Amino acid sequence: MEDIKHEFKVKGEELVEKIKQLLHEGNIRRIIVKDEEGKVYLEIPVTFGVVGILMAPTIAALGAIAAMVANLKVEVIKMEEPEKSNKN
């Protein structure tokens with residue numbers, strides 16, 4: 001099984017909402033927040049079922065980063081969906 005990477009460019013003020021949206025979509029392994037030069041500010045391992053109250057401190061940290069940096073890149077690593085086969 002291979003991971004799939006997606007990268008989004010967001011403005012600082014859009015960061016928290018974009019992360020919340022991605023977490024809601026599910027099937028995410030890791031979220032990495034970087035600046036335009038590729039410097040990693042925050043790397044979030046997303047464990048199945050640990051979204052909710054345990055993510056609150058992370059969301060607060062994202063808000064602080066968003067206030068400091070105007071343009072960011074969000075790299076999302078998703079688990080590849082297993083192919084369904086018709087084997088009997």
# chains A, B, ... in the order shown; residues from 1 in each chain; ligands from 1

call {"tool": "residues_around", "arguments": {"residues": "segment 70-76 of chain A", "least_positions_apart": "3", "cutoff": "10 Å", "atoms": "only C-alpha atoms", "output": "ChimeraX atom specification"}}
result
/A:3-15,18-19,22,28-44,65-67,79

call {"tool": "write_last_selection", "arguments": {"atoms": "C-alpha atoms", "output": "compact mmCIF listing (two decimals), in the first residue's frame"}}
result
# COMPACT_ATOMS: atom_id res chain seq x y z
CA ASP A 3 0.77 6.81 0.51
CA ILE A 4 -0.61 9.62 -1.63
CA LYS A 5 0.74 13.16 -1.16
CA HIS A 6 -1.17 16.35 -1.88
CA GLU A 7 0.11 19.88 -1.36
CA PHE A 8 -1.98 23.01 -0.95
CA LYS A 9 -0.98 26.66 -0.75
CA VAL A 10 -2.93 28.65 1.81
CA LYS A 11 -2.78 32.10 3.31
CA GLY A 12 -2.06 32.26 7.02
CA GLU A 13 -5.60 33.23 7.96
CA GLU A 14 -7.01 30.25 6.01
CA LEU A 15 -4.76 27.66 7.66
CA LYS A 18 -8.19 24.18 5.82
CA ILE A 19 -6.74 21.81 8.44
CA LEU A 22 -8.88 18.02 5.83
CA ILE A 28 -5.18 11.15 6.47
CA ARG A 29 -1.95 9.87 7.95
CA ARG A 30 0.06 13.05 8.38
CA ILE A 31 -0.26 16.81 7.86
CA ILE A 32 2.86 18.92 7.40
CA VAL A 33 2.73 22.73 7.56
CA LYS A 34 5.63 24.51 5.80
CA ASP A 35 6.53 28.00 4.70
CA GLU A 36 7.14 28.93 1.07
CA GLU A 37 10.81 27.90 1.29
CA GLY A 38 9.94 24.45 2.64
CA LYS A 39 10.81 25.04 6.31
CA VAL A 40 8.59 22.73 8.38
CA TYR A 41 6.67 24.55 11.14
CA LEU A 42 4.47 21.71 12.32
CA GLU A 43 4.09 18.04 11.51
CA ILE A 44 0.90 16.40 12.72
CA ILE A 65 1.75 29.88 13.12
CA ALA A 66 -0.88 31.45 10.88
CA ALA A 67 -0.45 34.76 12.69
CA MET A 79 -3.49 6.37 2.84

call {"tool": "atom_distance", "arguments": {"atom1": "atom CA of Val16 of chain A", "atom2": "atom CA of Ala56 of chain A"}}
result
11.0 Å

call {"tool": "select_by_dssp", "arguments": {"residues": "segment 7-48 of chain A", "states": "alpha helix (DSSP H)", "output": "VMD selection string"}}
result
chain A and resid 15 to 25

call {"tool": "atom_distance", "arguments": {"atom1": "atom CA of Ile59 of chain A", "atom2": "atom CA of Glu80 of chain A"}}
result
25.3 Å

call {"tool": "atom_distance", "arguments": {"atom1": "atom CA of Lys78 of chain A", "atom2": "atom CA of Lys20 of chain A"}}
result
15.0 Å

call {"tool": "decode", "arguments": {"residues": "segment 65-84 of chain A", "atoms": "C-alpha atoms", "output": "PDB file, in the first residue's frame"}}
result
ATOM      1  CA  ILE A  65       1.748  29.877  13.116  1.00  0.00           C
ATOM      2  CA  ALA A  66      -0.880  31.447  10.876  1.00  0.00           C
ATOM      3  CA  ALA A  67      -0.447  34.764  12.688  1.00  0.00           C
ATOM      4  CA  MET A  68       3.319  34.734  12.024  1.00  0.00           C
ATOM      5  CA  VAL A  69       3.482  33.568   8.394  1.00  0.00           C
ATOM      6  CA  ALA A  70       1.552  35.032   5.475  1.00  0.00           C
ATOM      7  CA  ASN A  71       1.778  32.182   2.957  1.00  0.00           C
ATOM      8  CA  LEU A  72       2.044  28.514   3.816  1.00  0.00           C
ATOM      9  CA  LYS A  73       2.075  25.120   2.162  1.00  0.00           C
ATOM     10  CA  VAL A  74       0.133  22.246   3.641  1.00  0.00           C
ATOM     11  CA  GLU A  75       1.289  18.778   2.634  1.00  0.00           C
ATOM     12  CA  VAL A  76      -1.228  16.037   3.264  1.00  0.00           C
ATOM     13  CA  ILE A  77      -0.250  12.387   3.229  1.00  0.00           C
ATOM     14  CA  LYS A  78      -3.232  10.106   2.758  1.00  0.00           C
ATOM     15  CA  MET A  79      -3.488   6.365   2.843  1.00  0.00           C
ATOM     16  CA  GLU A  80      -4.196   4.868  -0.531  1.00  0.00           C
ATOM     17  CA  GLU A  81      -7.610   3.279  -0.752  1.00  0.00           C
ATOM     18  CA  PRO A  82      -7.275  -0.484  -1.128  1.00  0.00           C
ATOM     19  CA  GLU A  83      -8.590  -1.745  -4.430  1.00  0.00           C
ATOM     20  CA  LYS A  84     -11.656  -3.891  -4.165  1.00  0.00           C
TER      21      LYS A  84
END
